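Data block for final-v6.pdb (PDB, C-alpha atoms):
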ATOM      1  CA  MET E   7       0.000   0.000   0.000
ATOM      2  CA  LYS E   8       2.750   2.419   0.965
ATOM      3  CA  ARG E   9       4.666   1.621  -2.212
ATOM      4  CA  ARG E  10       1.625   2.308  -4.370
ATOM      5  CA  ILE E  11       0.929   5.603  -2.622
ATOM      6  CA  LEU E  12       4.558   6.651  -3.032
ATOM      7  CA  LEU E  13       4.422   5.661  -6.691
ATOM      8  CA  VAL E  14       1.281   7.721  -7.311
ATOM      9  CA  LEU E  15       2.833  10.687  -5.525
ATOM     10  CA  GLY E  16       5.960  10.196  -7.614
ATOM     11  CA  LEU E  17       3.892  10.278 -10.806
ATOM     12  CA  VAL E  18       2.160  13.474  -9.750
ATOM     13  CA  SER E  19       5.485  15.064  -8.799
ATOM     14  CA  MET E  20       6.981  14.078 -12.141
ATOM     15  CA  VAL E  21       4.033  15.598 -13.992
ATOM     16  CA  MET E  22       4.458  18.873 -12.115
ATOM     17  CA  LEU E  23       8.217  18.845 -12.715
ATOM     18  CA  LEU E  24       7.965  18.121 -16.421
ATOM     19  CA  ALA E  25       5.114  20.583 -16.886
ATOM     20  CA  GLY E  26       7.337  23.380 -15.625
ATOM     21  CA  CYS E  27      10.722  22.204 -16.876
ATOM     22  CA  THR E  28      10.689  24.360 -19.986
ATOM     23  CA  GLU E  29       9.160  27.598 -21.263
ATOM     24  CA  VAL E  30       5.659  26.626 -22.373
ATOM     25  CA  ASN E  31       5.027  30.009 -23.987
ATOM     26  CA  GLN E  32       8.123  29.856 -26.187
ATOM     27  CA  PRO E  33       7.616  28.307 -29.661
ATOM     28  CA  ILE E  34       9.399  25.007 -30.233
ATOM     29  CA  THR E  35      11.805  25.067 -33.184
ATOM     30  CA  GLU E  36      14.782  23.149 -34.501
ATOM     31  CA  GLU E  37      17.017  25.653 -32.697
ATOM     32  CA  SER E  38      15.451  25.051 -29.277
ATOM     33  CA  GLN E  39      18.119  24.050 -26.775
ATOM     34  CA  GLY E  40      18.155  21.449 -24.011
ATOM     35  CA  PHE E  41      17.653  17.690 -23.870
ATOM     36  CA  TRP E  42      13.912  17.988 -23.197
ATOM     37  CA  ASN E  43      13.372  20.297 -26.172
ATOM     38  CA  GLN E  44      15.679  18.540 -28.627
ATOM     39  CA  TYR E  45      14.814  14.913 -27.943
ATOM     40  CA  ILE E  46      11.232  14.955 -26.647
ATOM     41  CA  VAL E  47       9.256  18.072 -27.596
ATOM     42  CA  TYR E  48      10.704  18.963 -31.003
ATOM     43  CA  PRO E  49      10.487  15.427 -32.497
ATOM     44  CA  LEU E  50       6.827  15.242 -31.473
ATOM     45  CA  SER E  51       6.198  18.712 -32.887
ATOM     46  CA  TRP E  52       7.952  17.758 -36.126
ATOM     47  CA  LEU E  53       5.816  14.621 -36.451
ATOM     48  CA  ILE E  54       2.621  16.615 -35.948
ATOM     49  CA  ILE E  55       3.595  19.123 -38.631
ATOM     50  CA  TYR E  56       4.825  16.426 -41.014
ATOM     51  CA  PHE E  57       1.613  14.407 -40.960
ATOM     52  CA  ALA E  58      -0.502  17.567 -41.031
ATOM     53  CA  GLU E  59       1.164  18.554 -44.295
ATOM     54  CA  LEU E  60       0.492  15.060 -45.690
ATOM     55  CA  THR E  61      -3.218  15.306 -44.778
ATOM     56  CA  GLY E  62      -3.875  18.751 -46.202
ATOM     57  CA  GLU E  63      -3.170  20.837 -43.082
ATOM     58  CA  ASN E  64      -5.509  18.694 -40.975
ATOM     59  CA  TYR E  65      -3.825  18.864 -37.591
ATOM     60  CA  GLY E  66      -6.568  16.869 -35.888
ATOM     61  CA  ILE E  67      -5.945  13.854 -38.131
ATOM     62  CA  SER E  68      -2.210  14.397 -37.652
ATOM     63  CA  ILE E  69      -2.561  14.200 -33.867
ATOM     64  CA  VAL E  70      -4.539  10.960 -34.230
ATOM     65  CA  ILE E  71      -1.783   9.503 -36.426
ATOM     66  CA  VAL E  72       0.993  10.551 -34.022
ATOM     67  CA  THR E  73      -0.999   9.133 -31.120
ATOM     68  CA  LEU E  74      -1.260   5.759 -32.858
ATOM     69  CA  ILE E  75       2.475   5.823 -33.597
ATOM     70  CA  ILE E  76       3.184   6.430 -29.897
ATOM     71  CA  ARG E  77       0.812   3.658 -28.840
ATOM     72  CA  PHE E  78       2.334   1.146 -31.256
ATOM     73  CA  ALA E  79       5.797   2.147 -30.025
ATOM     74  CA  ILE E  80       4.941   1.293 -26.401
ATOM     75  CA  LEU E  81       2.717  -1.669 -27.333
ATOM     76  CA  PRO E  82       5.163  -4.358 -26.093
ATOM     77  CA  LEU E  83       5.283  -2.724 -22.667
ATOM     78  CA  MET E  84       1.503  -2.439 -22.526
ATOM     79  CA  ILE E  85       1.065  -6.097 -23.491
ATOM     80  CA  LYS E  86       3.410  -7.028 -20.667
ATOM     81  CA  GLN E  87       1.302  -4.929 -18.277
ATOM     82  CA  ILE E  88      -1.912  -6.630 -19.344
ATOM     83  CA  LYS E  89      -0.410 -10.109 -19.067
ATOM     84  CA  ASN E  90       0.840  -9.236 -15.587
ATOM     85  CA  SER E  91      -2.669  -8.100 -14.643
ATOM     86  CA  LYS E  92      -4.075 -11.407 -15.896
ATOM     87  CA  ALA E  93      -1.527 -13.282 -13.811
ATOM     88  CA  MET E  94      -2.533 -11.217 -10.771
ATOM     89  CA  GLN E  95      -6.165 -12.114 -11.370
ATOM     90  CA  GLU E  96      -5.340 -15.827 -11.529
ATOM     91  CA  LEU E  97      -3.531 -15.550  -8.188
ATOM     92  CA  GLN E  98      -6.483 -13.934  -6.412
ATOM     93  CA  PRO E  99      -7.906 -17.234  -5.017
ATOM     94  CA  GLU E 100      -4.536 -18.166  -3.498
ATOM     95  CA  MET E 101      -4.068 -14.634  -2.151
ATOM     96  CA  GLN E 102      -7.512 -14.809  -0.560
ATOM     97  CA  LYS E 103      -6.556 -18.070   1.154
ATOM     98  CA  LEU E 104      -3.433 -16.391   2.547
ATOM     99  CA  ARG E 105      -5.506 -13.460   3.843
ATOM    100  CA  GLU E 106      -7.863 -15.884   5.557
ATOM    101  CA  LYS E 107      -4.960 -17.903   6.969
ATOM    102  CA  TYR E 108      -3.255 -14.797   8.366
ATOM    103  CA  SER E 109      -6.368 -12.845   9.281
ATOM    104  CA  SER E 110      -5.018 -11.584  12.591
ATOM    105  CA  LYS E 111      -4.092  -7.884  12.545
ATOM    106  CA  ASP E 112      -1.069  -8.119  14.839
ATOM    107  CA  GLN E 113       2.246  -7.016  13.355
ATOM    108  CA  LYS E 114       3.881 -10.450  13.347
ATOM    109  CA  THR E 115       0.983 -12.064  11.487
ATOM    110  CA  GLN E 116       0.818  -9.249   8.961
ATOM    111  CA  GLN E 117       4.554  -9.539   8.301
ATOM    112  CA  LYS E 118       4.095 -13.251   7.720
ATOM    113  CA  LEU E 119       1.250 -12.481   5.306
ATOM    114  CA  GLN E 120       3.469 -10.086   3.349
ATOM    115  CA  GLN E 121       6.271 -12.637   3.206
ATOM    116  CA  GLU E 122       3.959 -15.400   1.990
ATOM    117  CA  THR E 123       2.377 -13.082  -0.568
ATOM    118  CA  MET E 124       5.750 -11.985  -1.951
ATOM    119  CA  ALA E 125       6.837 -15.637  -2.105
ATOM    120  CA  LEU E 126       3.682 -16.395  -4.087
ATOM    121  CA  PHE E 127       4.468 -13.556  -6.512
ATOM    122  CA  GLN E 128       8.056 -14.721  -6.940
ATOM    123  CA  LYS E 129       7.027 -18.317  -7.477
ATOM    124  CA  ASN E 130       4.653 -17.284 -10.285
ATOM    125  CA  LYS E 131       6.989 -14.554 -11.629
ATOM    126  CA  VAL E 132       4.424 -11.806 -11.065
ATOM    127  CA  ASN E 133       5.336  -8.199 -10.259
ATOM    128  CA  PRO E 134       2.477  -6.501  -8.341
ATOM    129  CA  LEU E 135       3.808  -3.047  -9.316
ATOM    130  CA  ALA E 136       4.300  -3.810 -13.012
ATOM    131  CA  GLY E 137       0.914  -2.300 -13.842
ATOM    132  CA  CYS E 138       2.233   1.128 -12.851
ATOM    133  CA  PHE E 139       5.431   1.006 -14.907
ATOM    134  CA  PRO E 140       3.743   1.902 -18.236
ATOM    135  CA  LEU E 141       2.465   5.076 -16.555
ATOM    136  CA  LEU E 142       6.055   6.023 -15.780
ATOM    137  CA  VAL E 143       6.862   5.650 -19.481
ATOM    138  CA  GLN E 144       3.736   7.415 -20.717
ATOM    139  CA  MET E 145       3.896  10.463 -18.478
ATOM    140  CA  PRO E 146       7.027  12.048 -20.043
ATOM    141  CA  ILE E 147       5.548  11.355 -23.488
ATOM    142  CA  LEU E 148       2.209  12.849 -22.465
ATOM    143  CA  ILE E 149       3.813  15.972 -21.025
ATOM    144  CA  GLY E 150       6.147  16.173 -24.030
ATOM    145  CA  PHE E 151       3.118  15.958 -26.305
ATOM    146  CA  TYR E 152       1.451  18.663 -24.228
ATOM    147  CA  HIS E 153       4.476  20.931 -24.766
ATOM    148  CA  ALA E 154       4.557  20.088 -28.477
ATOM    149  CA  ILE E 155       0.907  21.078 -28.809
ATOM    150  CA  MET E 156       1.295  24.241 -26.752
ATOM    151  CA  ARG E 157       4.481  25.351 -28.510
ATOM    152  CA  THR E 158       3.706  24.378 -32.116
ATOM    153  CA  GLU E 159       2.182  27.642 -33.265
ATOM    154  CA  ALA E 160       0.442  26.196 -36.332
ATOM    155  CA  ILE E 161      -1.834  24.012 -34.196
ATOM    156  CA  ALA E 162      -3.544  26.967 -32.517
ATOM    157  CA  ASP E 163      -4.692  28.217 -35.941
ATOM    158  CA  HIS E 164      -6.608  25.050 -36.801
ATOM    159  CA  ASN E 165      -9.721  23.290 -35.583
ATOM    160  CA  PHE E 166     -11.026  19.746 -35.700
ATOM    161  CA  LEU E 167     -14.638  18.605 -35.445
ATOM    162  CA  TRP E 168     -16.309  21.077 -33.019
ATOM    163  CA  PHE E 169     -13.257  22.427 -31.169
ATOM    164  CA  ASP E 170     -10.144  24.527 -31.663
ATOM    165  CA  LEU E 171      -7.074  22.363 -31.173
ATOM    166  CA  GLY E 172      -5.137  25.011 -29.287
ATOM    167  CA  ALA E 173      -7.930  25.879 -26.839
ATOM    168  CA  ARG E 174     -10.049  24.040 -24.283
ATOM    169  CA  ASP E 175     -13.027  22.063 -25.517
ATOM    170  CA  PRO E 176     -15.924  24.553 -25.188
ATOM    171  CA  LEU E 177     -18.429  21.726 -24.639
ATOM    172  CA  PHE E 178     -16.145  19.795 -22.250
ATOM    173  CA  LEU E 179     -17.065  16.610 -24.108
ATOM    174  CA  LEU E 180     -13.472  15.506 -24.702
ATOM    175  CA  PRO E 181     -12.470  15.732 -21.013
ATOM    176  CA  VAL E 182     -15.516  13.661 -20.026
ATOM    177  CA  ILE E 183     -14.843  11.101 -22.780
ATOM    178  CA  ALA E 184     -11.179  11.007 -21.735
ATOM    179  CA  GLY E 185     -12.200  10.228 -18.150
ATOM    180  CA  ILE E 186     -14.740   7.577 -19.161
ATOM    181  CA  THR E 187     -12.366   5.810 -21.555
ATOM    182  CA  THR E 188      -9.610   5.917 -18.921
ATOM    183  CA  PHE E 189     -11.955   4.207 -16.455
ATOM    184  CA  ILE E 190     -13.014   1.562 -19.000
ATOM    185  CA  GLN E 191      -9.426   0.886 -20.021
ATOM    186  CA  GLN E 192      -8.267   0.487 -16.419
ATOM    187  CA  LYS E 193     -11.289  -1.646 -15.549
ATOM    188  CA  LEU E 194     -10.486  -4.021 -18.389
ATOM    189  CA  THR E 195      -6.791  -4.107 -17.524
ATOM    190  CA  MET E 196      -7.436  -4.860 -13.858
ATOM    191  CA  ALA E 197      -9.874  -7.565 -14.934
ATOM    192  CA  GLY E 198     -11.637  -7.991 -11.623
ATOM    193  CA  THR E 199      -8.675  -7.553  -9.295
ATOM    194  CA  ALA E 200      -9.927  -4.150  -8.103
ATOM    195  CA  SER E 201     -12.967  -5.693  -6.439
ATOM    196  CA  GLN E 202     -10.679  -7.881  -4.339
ATOM    197  CA  ASN E 203      -7.984  -5.266  -3.726
ATOM    198  CA  PRO E 204      -9.023  -1.942  -2.143
ATOM    199  CA  GLN E 205      -5.763  -0.277  -3.180
ATOM    200  CA  MET E 206      -6.328  -1.138  -6.846
ATOM    201  CA  ALA E 207      -9.923   0.048  -6.566
ATOM    202  CA  MET E 208      -8.640   3.395  -5.309
ATOM    203  CA  LEU E 209      -6.380   3.816  -8.350
ATOM    204  CA  LEU E 210      -9.240   2.758 -10.618
ATOM    205  CA  TYR E 211     -11.195   5.893  -9.654
ATOM    206  CA  ILE E 212      -8.348   8.316  -8.956
ATOM    207  CA  MET E 213      -6.769   8.166 -12.421
ATOM    208  CA  PRO E 214      -9.946   9.002 -14.428
ATOM    209  CA  ILE E 215     -10.661  11.921 -12.083
ATOM    210  CA  MET E 216      -7.101  13.216 -12.538
ATOM    211  CA  ILE E 217      -7.404  12.907 -16.317
ATOM    212  CA  VAL E 218     -10.666  14.878 -16.369
ATOM    213  CA  ILE E 219      -9.144  17.626 -14.201
ATOM    214  CA  PHE E 220      -6.095  17.886 -16.460
ATOM    215  CA  ALA E 221      -8.133  17.675 -19.677
ATOM    216  CA  VAL E 222     -10.452  20.507 -18.638
ATOM    217  CA  SER E 223      -7.467  22.867 -18.380
ATOM    218  CA  PHE E 224      -5.353  21.565 -21.276
ATOM    219  CA  PRO E 225      -5.801  22.303 -25.002
ATOM    220  CA  ALA E 226      -8.372  20.086 -26.704
ATOM    221  CA  ALA E 227      -5.609  18.574 -28.842
ATOM    222  CA  LEU E 228      -4.168  16.884 -25.761
ATOM    223  CA  SER E 229      -7.577  15.521 -24.772
ATOM    224  CA  LEU E 230      -7.889  14.192 -28.323
ATOM    225  CA  TYR E 231      -4.566  12.395 -27.852
ATOM    226  CA  TRP E 232      -5.758  10.876 -24.576
ATOM    227  CA  VAL E 233      -9.106   9.707 -25.990
ATOM    228  CA  VAL E 234      -7.558   8.097 -29.069
ATOM    229  CA  GLY E 235      -4.879   6.443 -26.931
ATOM    230  CA  ASN E 236      -7.472   5.051 -24.525
ATOM    231  CA  LEU E 237      -9.606   3.671 -27.360
ATOM    232  CA  PHE E 238      -6.514   1.998 -28.780
ATOM    233  CA  MET E 239      -5.761   0.414 -25.413
ATOM    234  CA  ILE E 240      -9.376  -0.696 -24.921
ATOM    235  CA  VAL E 241      -9.313  -2.550 -28.258
ATOM    236  CA  GLN E 242      -5.875  -3.964 -27.432
ATOM    237  CA  THR E 243      -7.053  -5.202 -24.032
ATOM    238  CA  MET E 244     -10.231  -6.709 -25.478
ATOM    239  CA  ILE E 245      -8.153  -8.665 -28.005
ATOM    240  CA  ILE E 246      -5.835 -10.017 -25.305
ATOM    241  CA  TYR E 247      -8.632 -10.741 -22.829
ATOM    242  CA  GLY E 248     -11.049 -11.949 -25.549
ATOM    243  CA  PRO E 249     -10.745 -15.688 -24.821
ATOM    244  CA  ASP E 250     -11.157 -15.127 -21.069
ATOM    245  CA  ILE E 251     -14.206 -12.898 -21.587
ATOM    246  CA  LYS E 252     -15.878 -15.515 -23.817
ATOM    247  CA  LYS E 253     -15.009 -18.273 -21.347
ATOM    248  CA  ASN E 254     -16.509 -16.357 -18.414
ATOM    249  CA  ALA E 255     -19.615 -15.549 -20.457
ATOM    250  CA  LEU E 256     -20.110 -19.236 -21.287
ATOM    251  CA  LEU E 257     -19.634 -20.241 -17.654
ATOM    252  CA  LYS E 258     -22.194 -17.667 -16.508
ATOM    253  CA  SER E 259     -24.611 -18.759 -19.222
ATOM    254  CA  GLY E 260     -24.229 -22.410 -18.245
ATOM    255  CA  GLY E 261     -24.755 -21.540 -14.608
ATOM    256  CA  LYS E 262     -27.991 -19.732 -15.374
ATOM    257  CA  LYS E 263     -29.320 -22.660 -17.394
ATOM    258  CA  LYS E 264     -28.704 -24.949 -14.471
TER
END

Give the structure from the file, written as structure tokens.
Amino acid sequence: MKRRILLVLGLVSMVMLLAGCTEVNQPITEESQGFWNQYIVYPLSWLIIYFAELTGENYGISIVIVTLIIRFAILPLMIKQIKNSKAMQELQPEMQKLREKYSSKDQKTQQKLQQETMALFQKNKVNPLAGCFPLLVQMPILIGFYHAIMRTEAIADHNFLWFDLGARDPLFLLPVIAGITTFIQQKLTMAGTASQNPQMAMLLYIMPIMIVIFAVSFPAALSLYWVVGNLFMIVQTMIIYGPDIKKNALLKSGGKKK
């Protein structure tokens, strides 16, 4: 629990650090100096402009394309996260037995519970914190994309669907959709473990709320990135979990017939 709280706090601190680590109001160009500008922000800005020029100055479509490129780039890591979540779900019955066996709240018993639980994880090669690692990878990219959007001057002059890319969504639809898709994506990834783990359940609701808060203040282009990325991950998770979902549906159907 303490590790997860520290990890969440670390993520928030990193977001605040990266959000202020460079001059947001200064345009990003090839001459921009610094590691953050040269290797994170400018390449993302260049990609946005490049694909916009290929699609007839459609910066909305360009952002969708760049988002998909980013998601495919981190796909192996995300697949590993999902497989780890599935492994955690399969271990839930054994973890429940351990909790029942060491139900006493005294310190010695709780230490024994932690030791047995960690031994169970090691035996099955499961990392309980692996689900948070992709967030550590995504956050710098997300903030870098935020800077690229804010500092690529051409984006502010274009719109997409009902919103201006460089301004907040006037209808606040994108922030709400971003929050909902974040919740759905996390719910699928956790695959039932949240109901048996209060700490995971806490993260399940905290992250969508954080995304909505950020999306309300950020340019709509960033919310567009988040929504497209979440939809990509939802489809990805459904493909990986597809056999399990069908199996559970058949079991429930058979149980009802009986």

(request) Could you check how far atom CA of Asp163 of chain E sits from atom CA of Asn64 of chain E, in Å to one decimal? (result)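 One can read the atom CA of Asp163 of chain E to atom CA of Asn64 of chain E distance as 10.8 Å.
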
(request) Evaluate the PyMOL selection byres ((chain E and resi 174) around 8) on the structure here and hand back the selected residues as a ChimeraX atom specification. (result) /E:169-173,175-176,178,222-226

(message) Taking only C-alpha atoms into account, name the residue in E:Gln113, E:Gln102, E:Gln120, E:Gln191 that is nearest to Pro214 of chain E.
(response) E:Gln191

(message) Given all atoms listed in the file as the basis, pick out the residue of E:Asn43, E:Thr61, E:Thr187, E:Thr243 nearest to Phe151 of chain E.
(response)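 Nearest candidate to Phe151 of chain E out of E:Asn43, E:Thr61, E:Thr187, E:Thr243: E:Asn43.
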
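Closest approach to Ala125 of chain E among E:Leu104, E:Ile147, E:Ile219, E:Ile71 is made by E:Leu104 (distances from only C-alpha atoms).
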
(request) May I have the protein, DNA and RNA residues with any atom at most 12 Å from the point (13.5, 27.1, -34.1), counting all atoms listed in the file, written as a list in words? (result) Gln32, Pro33, Ile34, Thr35, Glu36, Glu37, Ser38, Gln39, Asn43, Gln44, Val47, Tyr48, Ser51, Trp52, Arg157, Thr158 and Glu159 of chain E

Once you have the residues from the selection above, write them out as an mmCIF file, in the frame of the given file, restricted to C-alpha atoms.
data_model
loop_
_atom_site.group_PDB
_atom_site.id
_atom_site.type_symbol
_atom_site.label_atom_id
_atom_site.label_comp_id
_atom_site.auth_asym_id
_atom_site.auth_seq_id
_atom_site.Cartn_x
_atom_site.Cartn_y
_atom_site.Cartn_z
ATOM 1 C CA GLN E 32 8.123 29.856 -26.187
ATOM 2 C CA PRO E 33 7.616 28.307 -29.661
ATOM 3 C CA ILE E 34 9.399 25.007 -30.233
ATOM 4 C CA THR E 35 11.805 25.067 -33.184
ATOM 5 C CA GLU E 36 14.782 23.149 -34.501
ATOM 6 C CA GLU E 37 17.017 25.653 -32.697
ATOM 7 C CA SER E 38 15.451 25.051 -29.277
ATOM 8 C CA GLN E 39 18.119 24.050 -26.775
ATOM 9 C CA ASN E 43 13.372 20.297 -26.172
ATOM 10 C CA GLN E 44 15.679 18.540 -28.627
ATOM 11 C CA VAL E 47 9.256 18.072 -27.596
ATOM 12 C CA TYR E 48 10.704 18.963 -31.003
ATOM 13 C CA SER E 51 6.198 18.712 -32.887
ATOM 14 C CA TRP E 52 7.952 17.758 -36.126
ATOM 15 C CA ARG E 157 4.481 25.351 -28.510
ATOM 16 C CA THR E 158 3.706 24.378 -32.116
ATOM 17 C CA GLU E 159 2.182 27.642 -33.265
#

(message) Here is a test: counting only C-alpha atoms, which residue of E:Met145, E:Lys118, E:Gly66, E:Leu177 is nearest to Ala162 of chain E?
(response)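 Smallest distance to Ala162 of chain E is found for E:Gly66.
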
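In terms of minimum interatomic distance to Met239 of chain E, E:Ile190 ranks closest within E:Ile190, E:Ile75, E:Ile55, E:Ile149, counting all atoms listed in the file.
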
(message) Between atom CA of Lys131 of chain E and atom CA of Glu100 of chain E, what distance in Å does the model show, to one decimal?
(response)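 Taking atom CA of Lys131 of chain E as the start and atom CA of Glu100 of chain E as the end point, the length is 14.6 Å.
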
(message) Using only C-alpha atoms for the distances, tell me which of E:Lys86, E:Lys193, E:Lys114, E:His164 is nearest to Gly62 of chain E.
(response)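 Smallest distance to Gly62 of chain E is found for E:His164.
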
(message) Can you measure atom CA of Met244 of chain E to atom CA of Leu194 of chain E for me? One decimal in Å is fine.
(response)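 Here the two named atoms are 7.6 Å from each other.
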